[in-house]
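Pasting final_7.cif here (mmCIF, C-alpha atoms):
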data_final
#
loop_
_atom_site.group_PDB
_atom_site.id
_atom_site.type_symbol
_atom_site.label_atom_id
_atom_site.label_comp_id
_atom_site.auth_asym_id
_atom_site.auth_seq_id
_atom_site.Cartn_x
_atom_site.Cartn_y
_atom_site.Cartn_z
ATOM 1 C CA MET A 3 14.305 -5.602 18.062
ATOM 2 C CA THR A 4 15.818 -2.555 16.365
ATOM 3 C CA TRP A 5 13.564 0.283 15.278
ATOM 4 C CA VAL A 6 14.391 -0.490 11.646
ATOM 5 C CA ALA A 7 13.218 -4.094 12.103
ATOM 6 C CA ALA A 8 10.089 -2.887 13.897
ATOM 7 C CA VAL A 9 9.184 -0.563 11.024
ATOM 8 C CA ALA A 10 9.763 -3.435 8.591
ATOM 9 C CA ARG A 11 7.518 -5.695 10.683
ATOM 10 C CA LEU A 12 4.668 -3.184 10.598
ATOM 11 C CA ARG A 13 5.129 -2.811 6.843
ATOM 12 C CA ALA A 14 5.048 -6.585 6.318
ATOM 13 C CA ARG A 15 1.912 -6.888 8.459
ATOM 14 C CA ARG A 16 0.360 -3.898 6.653
ATOM 15 C CA GLU A 17 -0.289 -2.214 10.004
ATOM 16 C CA ALA A 18 -0.124 1.516 10.631
ATOM 17 C CA GLY A 19 2.327 2.903 13.173
ATOM 18 C CA VAL A 20 4.326 5.939 14.231
ATOM 19 C CA LEU A 21 8.085 6.441 14.471
ATOM 20 C CA VAL A 22 8.898 8.588 17.521
ATOM 21 C CA THR A 23 12.336 10.252 17.658
ATOM 22 C CA VAL A 24 13.968 12.452 20.284
ATOM 23 C CA ALA A 25 14.748 15.432 18.044
ATOM 24 C CA THR A 26 16.425 17.869 20.473
ATOM 25 C CA VAL A 27 17.592 17.818 24.071
ATOM 26 C CA ARG A 28 18.471 20.783 26.291
ATOM 27 C CA GLY A 29 19.884 20.076 29.721
ATOM 28 C CA HIS A 30 19.245 16.727 31.412
ATOM 29 C CA ALA A 31 16.924 14.184 29.798
ATOM 30 C CA PRO A 32 16.425 10.383 29.909
ATOM 31 C CA ARG A 33 17.768 9.796 26.387
ATOM 32 C CA LYS A 34 19.966 11.620 23.907
ATOM 33 C CA ALA A 35 18.757 13.091 20.633
ATOM 34 C CA GLY A 36 18.214 10.353 18.078
ATOM 35 C CA ALA A 37 16.641 7.817 20.443
ATOM 36 C CA LYS A 38 13.710 6.113 18.748
ATOM 37 C CA LEU A 39 10.476 4.358 19.609
ATOM 38 C CA VAL A 40 8.129 2.604 17.176
ATOM 39 C CA VAL A 41 4.469 2.588 18.155
ATOM 40 C CA GLY A 42 1.876 0.214 16.728
ATOM 41 C CA ARG A 43 -1.784 -0.130 17.601
ATOM 42 C CA THR A 44 -1.061 -2.613 20.416
ATOM 43 C CA GLU A 45 2.742 -2.937 20.603
ATOM 44 C CA THR A 46 5.793 -0.724 20.984
ATOM 45 C CA TRP A 47 9.461 -1.301 20.205
ATOM 46 C CA GLY A 48 12.413 0.699 21.516
ATOM 47 C CA SER A 49 12.329 3.585 23.988
ATOM 48 C CA ILE A 50 12.741 7.328 24.214
ATOM 49 C CA GLY A 51 13.378 7.156 27.949
ATOM 50 C CA GLY A 52 10.236 5.842 29.585
ATOM 51 C CA GLY A 53 8.240 7.855 32.074
ATOM 52 C CA ASN A 54 5.980 10.741 31.216
ATOM 53 C CA ILE A 55 7.630 11.593 27.876
ATOM 54 C CA GLU A 56 7.211 8.116 26.497
ATOM 55 C CA ALA A 57 3.678 7.594 27.832
ATOM 56 C CA VAL A 58 2.409 10.889 26.381
ATOM 57 C CA ALA A 59 4.167 10.222 23.072
ATOM 58 C CA ILE A 60 2.579 6.761 22.834
ATOM 59 C CA ASP A 61 -0.855 8.197 23.564
ATOM 60 C CA ARG A 62 -0.461 10.817 20.847
ATOM 61 C CA ALA A 63 1.025 8.304 18.393
ATOM 62 C CA ARG A 64 -2.027 6.069 18.758
ATOM 63 C CA GLU A 65 -4.293 9.047 18.183
ATOM 64 C CA LEU A 66 -2.407 9.687 14.944
ATOM 65 C CA ILE A 67 -2.756 6.034 13.920
ATOM 66 C CA GLY A 68 -6.528 6.493 14.060
ATOM 67 C CA THR A 69 -6.448 9.731 12.035
ATOM 68 C CA PRO A 70 -6.971 9.760 8.243
ATOM 69 C CA ASP A 71 -3.841 10.939 6.396
ATOM 70 C CA PRO A 72 -1.930 12.131 9.518
ATOM 71 C CA GLU A 73 0.980 14.575 9.279
ATOM 72 C CA PRO A 74 4.291 14.525 11.203
ATOM 73 C CA GLU A 75 4.318 16.700 14.292
ATOM 74 C CA LEU A 76 6.580 17.894 17.106
ATOM 75 C CA MET A 77 5.891 17.639 20.838
ATOM 76 C CA GLU A 78 7.788 19.631 23.457
ATOM 77 C CA PHE A 79 8.356 18.526 27.048
ATOM 78 C CA ALA A 80 9.659 20.610 29.932
ATOM 79 C CA LEU A 81 11.107 18.182 32.483
ATOM 80 C CA ASN A 82 10.598 19.947 35.809
ATOM 81 C CA ASP A 83 8.385 19.531 38.867
ATOM 82 C CA LYS A 84 6.197 22.479 37.881
ATOM 83 C CA VAL A 85 4.806 20.698 34.811
ATOM 84 C CA THR A 86 2.265 17.959 35.327
ATOM 85 C CA SER A 87 0.755 15.859 32.552
ATOM 86 C CA ARG A 88 -1.771 13.052 32.435
ATOM 87 C CA HIS A 89 1.016 10.629 33.374
ATOM 88 C CA GLY A 90 2.560 12.636 36.185
ATOM 89 C CA VAL A 91 5.769 14.623 36.653
ATOM 90 C CA GLN A 92 9.231 14.073 35.181
ATOM 91 C CA CYS A 93 11.817 16.352 36.759
ATOM 92 C CA CYS A 94 15.147 15.631 35.065
ATOM 93 C CA GLY A 95 15.633 19.370 34.677
ATOM 94 C CA GLY A 96 15.923 19.641 30.920
ATOM 95 C CA ALA A 97 13.680 20.059 27.882
ATOM 96 C CA VAL A 98 13.015 17.627 25.068
ATOM 97 C CA THR A 99 11.444 17.905 21.627
ATOM 98 C CA VAL A 100 10.031 14.736 20.121
ATOM 99 C CA LEU A 101 9.188 14.165 16.446
ATOM 100 C CA LEU A 102 6.280 11.857 15.583
ATOM 101 C CA GLU A 103 6.320 10.507 12.020
ATOM 102 C CA PRO A 104 3.266 8.498 10.914
ATOM 103 C CA LEU A 105 3.942 5.170 9.188
ATOM 104 C CA PRO A 106 0.760 4.650 7.190
ATOM 105 C CA VAL A 107 -0.325 1.465 5.493
ATOM 106 C CA VAL A 108 0.789 2.003 1.911
ATOM 107 C CA PRO A 109 -1.470 1.219 -1.060
ATOM 108 C CA ALA A 110 -1.250 -2.221 -2.650
ATOM 109 C CA VAL A 111 -1.669 -3.009 -6.341
ATOM 110 C CA ALA A 112 -1.753 -6.371 -8.110
ATOM 111 C CA VAL A 113 -1.036 -6.402 -11.841
ATOM 112 C CA PHE A 114 -2.124 -9.612 -13.535
ATOM 113 C CA GLY A 115 -0.188 -9.825 -16.784
ATOM 114 C CA VAL A 116 3.304 -8.365 -17.106
ATOM 115 C CA GLY A 117 3.426 -7.989 -20.863
ATOM 116 C CA HIS A 118 4.280 -4.755 -22.673
ATOM 117 C CA VAL A 119 1.652 -2.661 -20.871
ATOM 118 C CA GLY A 120 2.060 -4.463 -17.541
ATOM 119 C CA LEU A 121 5.803 -3.887 -17.460
ATOM 120 C CA GLU A 122 5.459 -0.217 -18.397
ATOM 121 C CA LEU A 123 2.851 0.161 -15.653
ATOM 122 C CA ALA A 124 5.138 -1.560 -13.165
ATOM 123 C CA ARG A 125 7.914 0.883 -14.064
ATOM 124 C CA VAL A 126 5.651 3.849 -13.234
ATOM 125 C CA LEU A 127 4.120 2.377 -10.080
ATOM 126 C CA ALA A 128 7.481 1.199 -8.786
ATOM 127 C CA ARG A 129 8.457 4.849 -8.309
ATOM 128 C CA HIS A 130 5.849 5.170 -5.543
ATOM 129 C CA ASP A 131 5.724 3.898 -1.961
ATOM 130 C CA LEU A 132 3.371 0.946 -2.288
ATOM 131 C CA ASP A 133 3.218 -2.846 -2.345
ATOM 132 C CA LEU A 134 3.296 -3.980 -5.959
ATOM 133 C CA HIS A 135 2.373 -7.544 -6.929
ATOM 134 C CA LEU A 136 3.329 -8.727 -10.419
ATOM 135 C CA ILE A 137 1.593 -11.925 -11.514
ATOM 136 C CA ASP A 138 2.019 -13.873 -14.741
ATOM 137 C CA THR A 139 1.647 -17.455 -15.969
ATOM 138 C CA ARG A 140 4.677 -17.015 -18.255
ATOM 139 C CA SER A 141 8.029 -17.357 -16.519
ATOM 140 C CA GLU A 142 9.820 -15.365 -19.235
ATOM 141 C CA MET A 143 7.710 -12.292 -18.398
ATOM 142 C CA LEU A 144 9.059 -12.410 -14.853
ATOM 143 C CA ALA A 145 12.664 -13.209 -15.724
ATOM 144 C CA GLU A 146 15.184 -11.373 -13.577
ATOM 145 C CA GLU A 147 16.834 -9.677 -16.548
ATOM 146 C CA ARG A 148 13.460 -8.390 -17.773
ATOM 147 C CA LEU A 149 12.553 -6.984 -14.369
ATOM 148 C CA ASP A 150 15.961 -5.333 -13.952
ATOM 149 C CA VAL A 151 14.307 -2.071 -15.003
ATOM 150 C CA LEU A 152 12.646 -2.096 -11.576
ATOM 151 C CA GLY A 153 15.971 -2.292 -9.765
ATOM 152 C CA ASP A 154 15.683 1.226 -8.318
ATOM 153 C CA ALA A 155 12.102 0.732 -7.165
ATOM 154 C CA VAL A 156 10.723 2.605 -4.177
ATOM 155 C CA ALA A 157 7.839 0.139 -4.040
ATOM 156 C CA GLN A 158 8.176 -3.277 -2.454
ATOM 157 C CA ILE A 159 7.761 -5.695 -5.338
ATOM 158 C CA HIS A 160 6.305 -9.192 -4.984
ATOM 159 C CA VAL A 161 6.646 -11.490 -7.993
ATOM 160 C CA HIS A 162 4.209 -14.390 -8.467
ATOM 161 C CA HIS A 163 4.764 -16.977 -11.181
ATOM 162 C CA THR A 164 1.466 -18.873 -11.486
ATOM 163 C CA PRO A 165 1.652 -21.372 -14.382
ATOM 164 C CA LEU A 166 -1.809 -22.835 -13.809
ATOM 165 C CA LEU A 167 -4.225 -20.765 -11.718
ATOM 166 C CA PRO A 168 -3.253 -17.091 -11.392
ATOM 167 C CA GLU A 169 -6.623 -16.359 -9.745
ATOM 168 C CA GLU A 170 -5.417 -18.189 -6.624
ATOM 169 C CA VAL A 171 -3.194 -15.186 -5.897
ATOM 170 C CA LEU A 172 -6.337 -13.105 -5.285
ATOM 171 C CA GLY A 173 -6.953 -14.928 -2.010
ATOM 172 C CA GLU A 174 -3.435 -14.071 -0.812
ATOM 173 C CA LEU A 175 -3.731 -10.330 -1.349
ATOM 174 C CA ALA A 176 -4.151 -7.925 1.548
ATOM 175 C CA PRO A 177 -7.555 -6.291 2.040
ATOM 176 C CA GLY A 178 -7.939 -3.182 -0.087
ATOM 177 C CA THR A 179 -5.512 -4.284 -2.798
ATOM 178 C CA HIS A 180 -6.339 -2.731 -6.166
ATOM 179 C CA VAL A 181 -6.443 -5.307 -8.975
ATOM 180 C CA LEU A 182 -5.605 -4.706 -12.635
ATOM 181 C CA ILE A 183 -6.310 -7.482 -15.120
ATOM 182 C CA MET A 184 -4.288 -7.267 -18.348
ATOM 183 C CA THR A 185 -3.056 -10.743 -19.253
ATOM 184 C CA HIS A 186 -2.226 -12.048 -22.733
ATOM 185 C CA ASP A 187 -5.202 -14.448 -22.708
ATOM 186 C CA HIS A 188 -8.847 -13.353 -22.783
ATOM 187 C CA ALA A 189 -9.933 -16.632 -21.175
ATOM 188 C CA GLU A 190 -7.535 -15.933 -18.323
ATOM 189 C CA ASP A 191 -8.852 -12.382 -18.031
ATOM 190 C CA ALA A 192 -12.416 -13.701 -17.834
ATOM 191 C CA ALA A 193 -11.521 -16.215 -15.121
ATOM 192 C CA LEU A 194 -9.757 -13.491 -13.145
ATOM 193 C CA CYS A 195 -12.755 -11.155 -13.419
ATOM 194 C CA ASP A 196 -15.046 -13.867 -12.077
ATOM 195 C CA ALA A 197 -12.639 -14.763 -9.256
ATOM 196 C CA ALA A 198 -12.065 -11.108 -8.331
ATOM 197 C CA LEU A 199 -15.811 -10.540 -7.950
ATOM 198 C CA ARG A 200 -15.955 -13.545 -5.615
ATOM 199 C CA THR A 201 -13.009 -12.348 -3.498
ATOM 200 C CA THR A 202 -14.055 -10.218 -0.552
ATOM 201 C CA GLY A 203 -12.105 -7.194 0.589
ATOM 202 C CA LEU A 204 -10.422 -6.165 -2.654
ATOM 203 C CA GLY A 205 -10.105 -2.534 -3.647
ATOM 204 C CA SER A 206 -10.889 -1.465 -7.189
ATOM 205 C CA ILE A 207 -10.915 -3.965 -10.048
ATOM 206 C CA GLY A 208 -9.809 -2.820 -13.495
ATOM 207 C CA LEU A 209 -9.844 -4.656 -16.827
ATOM 208 C CA ILE A 210 -7.971 -3.650 -19.951
ATOM 209 C CA GLY A 211 -9.702 -4.147 -23.283
ATOM 210 C CA SER A 212 -12.222 -2.987 -25.854
ATOM 211 C CA ALA A 213 -15.933 -2.386 -25.534
ATOM 212 C CA ALA A 214 -16.586 -5.566 -27.530
ATOM 213 C CA LYS A 215 -14.463 -7.612 -25.131
ATOM 214 C CA TRP A 216 -16.296 -6.174 -22.129
ATOM 215 C CA ALA A 217 -19.712 -6.848 -23.653
ATOM 216 C CA ARG A 218 -18.801 -10.537 -24.003
ATOM 217 C CA PHE A 219 -17.340 -10.660 -20.498
ATOM 218 C CA ARG A 220 -20.327 -8.925 -18.949
ATOM 219 C CA LYS A 221 -22.742 -11.414 -20.495
ATOM 220 C CA ARG A 222 -20.605 -14.340 -19.369
ATOM 221 C CA LEU A 223 -20.260 -13.003 -15.822
ATOM 222 C CA ALA A 224 -24.030 -12.736 -15.588
ATOM 223 C CA THR A 225 -25.087 -15.975 -17.260
ATOM 224 C CA GLU A 226 -22.261 -18.332 -16.284
ATOM 225 C CA GLY A 227 -20.962 -16.592 -13.188
ATOM 226 C CA GLY A 228 -24.341 -15.715 -11.720
ATOM 227 C CA HIS A 229 -23.266 -12.164 -10.812
ATOM 228 C CA ASP A 230 -25.871 -9.419 -10.677
ATOM 229 C CA ASP A 231 -25.422 -6.067 -12.417
ATOM 230 C CA ALA A 232 -24.331 -4.225 -9.272
ATOM 231 C CA THR A 233 -21.570 -6.760 -8.640
ATOM 232 C CA ILE A 234 -20.386 -6.718 -12.255
ATOM 233 C CA ASP A 235 -20.260 -2.916 -12.129
ATOM 234 C CA ARG A 236 -17.392 -3.200 -9.635
ATOM 235 C CA ILE A 237 -15.147 -3.877 -12.626
ATOM 236 C CA LYS A 238 -13.946 -0.715 -14.313
ATOM 237 C CA THR A 239 -13.251 -0.863 -18.027
ATOM 238 C CA PRO A 240 -11.730 0.821 -19.890
ATOM 239 C CA ILE A 241 -9.079 1.689 -17.323
ATOM 240 C CA GLY A 242 -7.085 4.876 -17.129
ATOM 241 C CA VAL A 243 -7.843 8.576 -17.308
ATOM 242 C CA THR A 244 -10.679 9.505 -19.639
ATOM 243 C CA GLY A 245 -9.427 11.511 -22.607
ATOM 244 C CA ILE A 246 -6.025 9.864 -22.905
ATOM 245 C CA THR A 247 -6.583 7.709 -25.959
ATOM 246 C CA GLY A 248 -3.104 6.657 -27.095
ATOM 247 C CA LYS A 249 -2.532 2.925 -27.495
ATOM 248 C CA GLU A 250 1.217 2.860 -26.923
ATOM 249 C CA PRO A 251 2.095 0.780 -23.824
ATOM 250 C CA ALA A 252 3.823 3.708 -22.101
ATOM 251 C CA VAL A 253 0.829 6.012 -22.725
ATOM 252 C CA ILE A 254 -1.615 3.447 -21.359
ATOM 253 C CA ALA A 255 0.622 2.869 -18.343
ATOM 254 C CA VAL A 256 0.804 6.570 -17.457
ATOM 255 C CA SER A 257 -2.972 6.899 -17.849
ATOM 256 C CA VAL A 258 -3.703 3.885 -15.647
ATOM 257 C CA ALA A 259 -1.161 4.946 -13.028
ATOM 258 C CA ALA A 260 -2.615 8.457 -12.869
ATOM 259 C CA ASP A 261 -6.094 7.054 -12.311
ATOM 260 C CA LEU A 262 -4.756 4.811 -9.544
ATOM 261 C CA LEU A 263 -3.045 7.738 -7.829
ATOM 262 C CA ARG A 264 -6.380 9.544 -7.824
ATOM 263 C CA THR A 265 -7.983 6.460 -6.261
ATOM 264 C CA PHE A 266 -5.272 6.329 -3.567
ATOM 265 C CA ALA A 267 -6.005 9.966 -2.681
ATOM 266 C CA GLN A 268 -9.712 9.215 -2.375
ATOM 267 C CA ASP A 269 -8.977 6.215 -0.144
ATOM 268 C CA ARG A 270 -7.062 8.450 2.282
ATOM 269 C CA ARG A 271 -10.023 10.753 2.868
#
How does the structure come out when it is put into structure tokens?
Amino acid sequence: MTWVAAVARLRARREAGVLVTVATVRGHAPRKAGAKLVVGRTETWGSIGGGNIEAVAIDRARELIGTPDPEPELMEFALNDKVTSRHGVQCCGGAVTVLLEPLPVVPAVAVFGVGHVGLELARVLARHDLDLHLIDTRSEMLAEERLDVLGDAVAQIHVHHTPLLPEEVLGELAPGTHVLIMTHDHAEDAALCDAALRTTGLGSIGLIGSAAKWARFRKRLATEGGHDDATIDRIKTPIGVTGITGKEPAVIAVSVAADLLRTFAQDRR
């Protein structure tokens, strides 16, 4: 498997890893500059030459995988019989510098309802490295020509057309996915709120709407859904940054996206 495919596999599995690259070589070394190795928690793909260099790099890569918000770093190796490491001696005669680049698990966001606000929010979030799920019961909201504005996305976008039961998508989401509920139908919003509270492992849950809407939902979640106050309080409404009060879709989208970015930063701590 190529290193590119290995990185893609880790991304698809939502598993952290480290990309290890031979950055510089002086004298004799097992591999030339540019050789790559991908390290996961339990697997590796590729090689930077085996032996002591590779073993030490794998050890350090797995330490980085277990570190919150790790930074790239360089490791230097002198390949002579006077230098001994935890994995022995490698005496090719040269010197090698290795770059370790963490491949973190990116945030995931699910937007239920891709109307005016949902699409504007998708346009903002798509500029960031994350997994973005767009879910709607209306096929026209997910039409290719409508989503063309996301053509230059950095995010990996997953489109879900769910004509009947959009809440079923909740069970397919990766642990930690942040959920935003903003459909065109208040009954659908209510069903999604109930289902989200019953789905284990989600990140934050946000609901768009007025105070009057939330008062009705809160009562229904308690009386019909059987949720206690602490559980219901998992739902944040209104969503977005406090103090930004504009009602234009683009303004709401920027406010909600900014609040999410703050949540992502807190998750990394």
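Take CA of Ile159 (chain A) and CA of Arg16 (chain A): the distance between them is 14.2 Å.
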Matched chain/residue IDs from the PyMOL selection byres ((chain A and resi 132-136) around 8), as a list in words: Val108, Pro109, Ala110, Val111, Ala112, Val113, Phe114, Gly115, Val116, Ala124, Leu127, Ala128, His130, Asp131, Ile137, Asp138, Val156, Ala157, Gln158, Ile159, His160, Val161 and His162 of chain A
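The set of protein, DNA and RNA residues with any counted atom at most 12 Å from (1.0, -18.1, -0.6) (only C-alpha atoms) reads A:His160, A:Val161, A:His162, A:His163, A:Thr164, A:Pro168, A:Glu170, A:Val171, A:Leu172, A:Gly173, A:Glu174, A:Leu175, A:Ala176.
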Answer as a PyMOL selection string, residues within 10 Å of (10.8, 12.9, 20.4) using only C-alpha atoms: chain A and resi 21-27+33-39+50-51+55-56+59+75-79+98-103
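Of note, CA of Met143 (chain A) and CA of Val181 (chain A) are spaced 18.4 Å apart.
In this model, the gap between CA of Trp216 (chain A) and CA of Ala193 (chain A) comes to 13.1 Å.
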Output check: residues returned by the PyMOL selection byres ((chain A and resi 105) around 10), as a PyMOL selection string: chain A and resi 9+12-13+17-21+40-42+66-67+72-74+102-104+106-108
Closest of A:Ala63, A:Val119, A:Ala192, A:Ala255 to Gly227 (chain A) - atom-to-atom distances counting only C-alpha atoms: A:Ala192
Neighbour list for Arg125 (chain A) as a PyMOL selection string, cut-off 8 Å, only C-alpha atoms, skip fewer than 4 positions in-chain: chain A and resi 121+129+151-152
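When the PyMOL selection byres ((chain A and resi 198) around 10) is run on the displayed coordinates, the residues it returns are Glu169, Glu170, Leu172, Gly173, Val181, Ile183, Ala192, Ala193, Leu194, Cys195, Asp196, Ala197, Leu199, Arg200, Thr201, Thr202, Gly203, Leu204, Gly205, Ser206, Ile207, Arg236 and Ile237 of chain A.
Between Asp235 (chain A) and the residues A:Val256, A:Ala14, A:Leu223, A:Val6, the shortest atom-to-atom distance, using all atoms listed in the file, involves A:Leu223.
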Pick from A:Thr69, A:Ala80, A:Thr225, A:Val243 nearest to Asn54 (chain A), counting all atoms listed in the file: A:Ala80
Closest of A:Glu190, A:Met3, A:His180, A:Lys215 to Leu166 (chain A) - atom-to-atom distances counting only C-alpha atoms: A:Glu190
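If only C-alpha atoms are the atoms counted, then among A:Ala97, A:Val258, A:Val58, A:Ala214 the closest residue to Gly242 (chain A) is A:Val258.
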With all atoms of region 103-108 of chain A from the file as input, state the centre and edge lengths in Å to one decimal of the axis-aligned box that has 8 Å extra on each side, as lines of an AutoDock Vina configuration file.
center_x = 3.0
center_y = 6.0
center_z = 7.0
size_x = 22.6
size_y = 25.0
size_z = 26.1
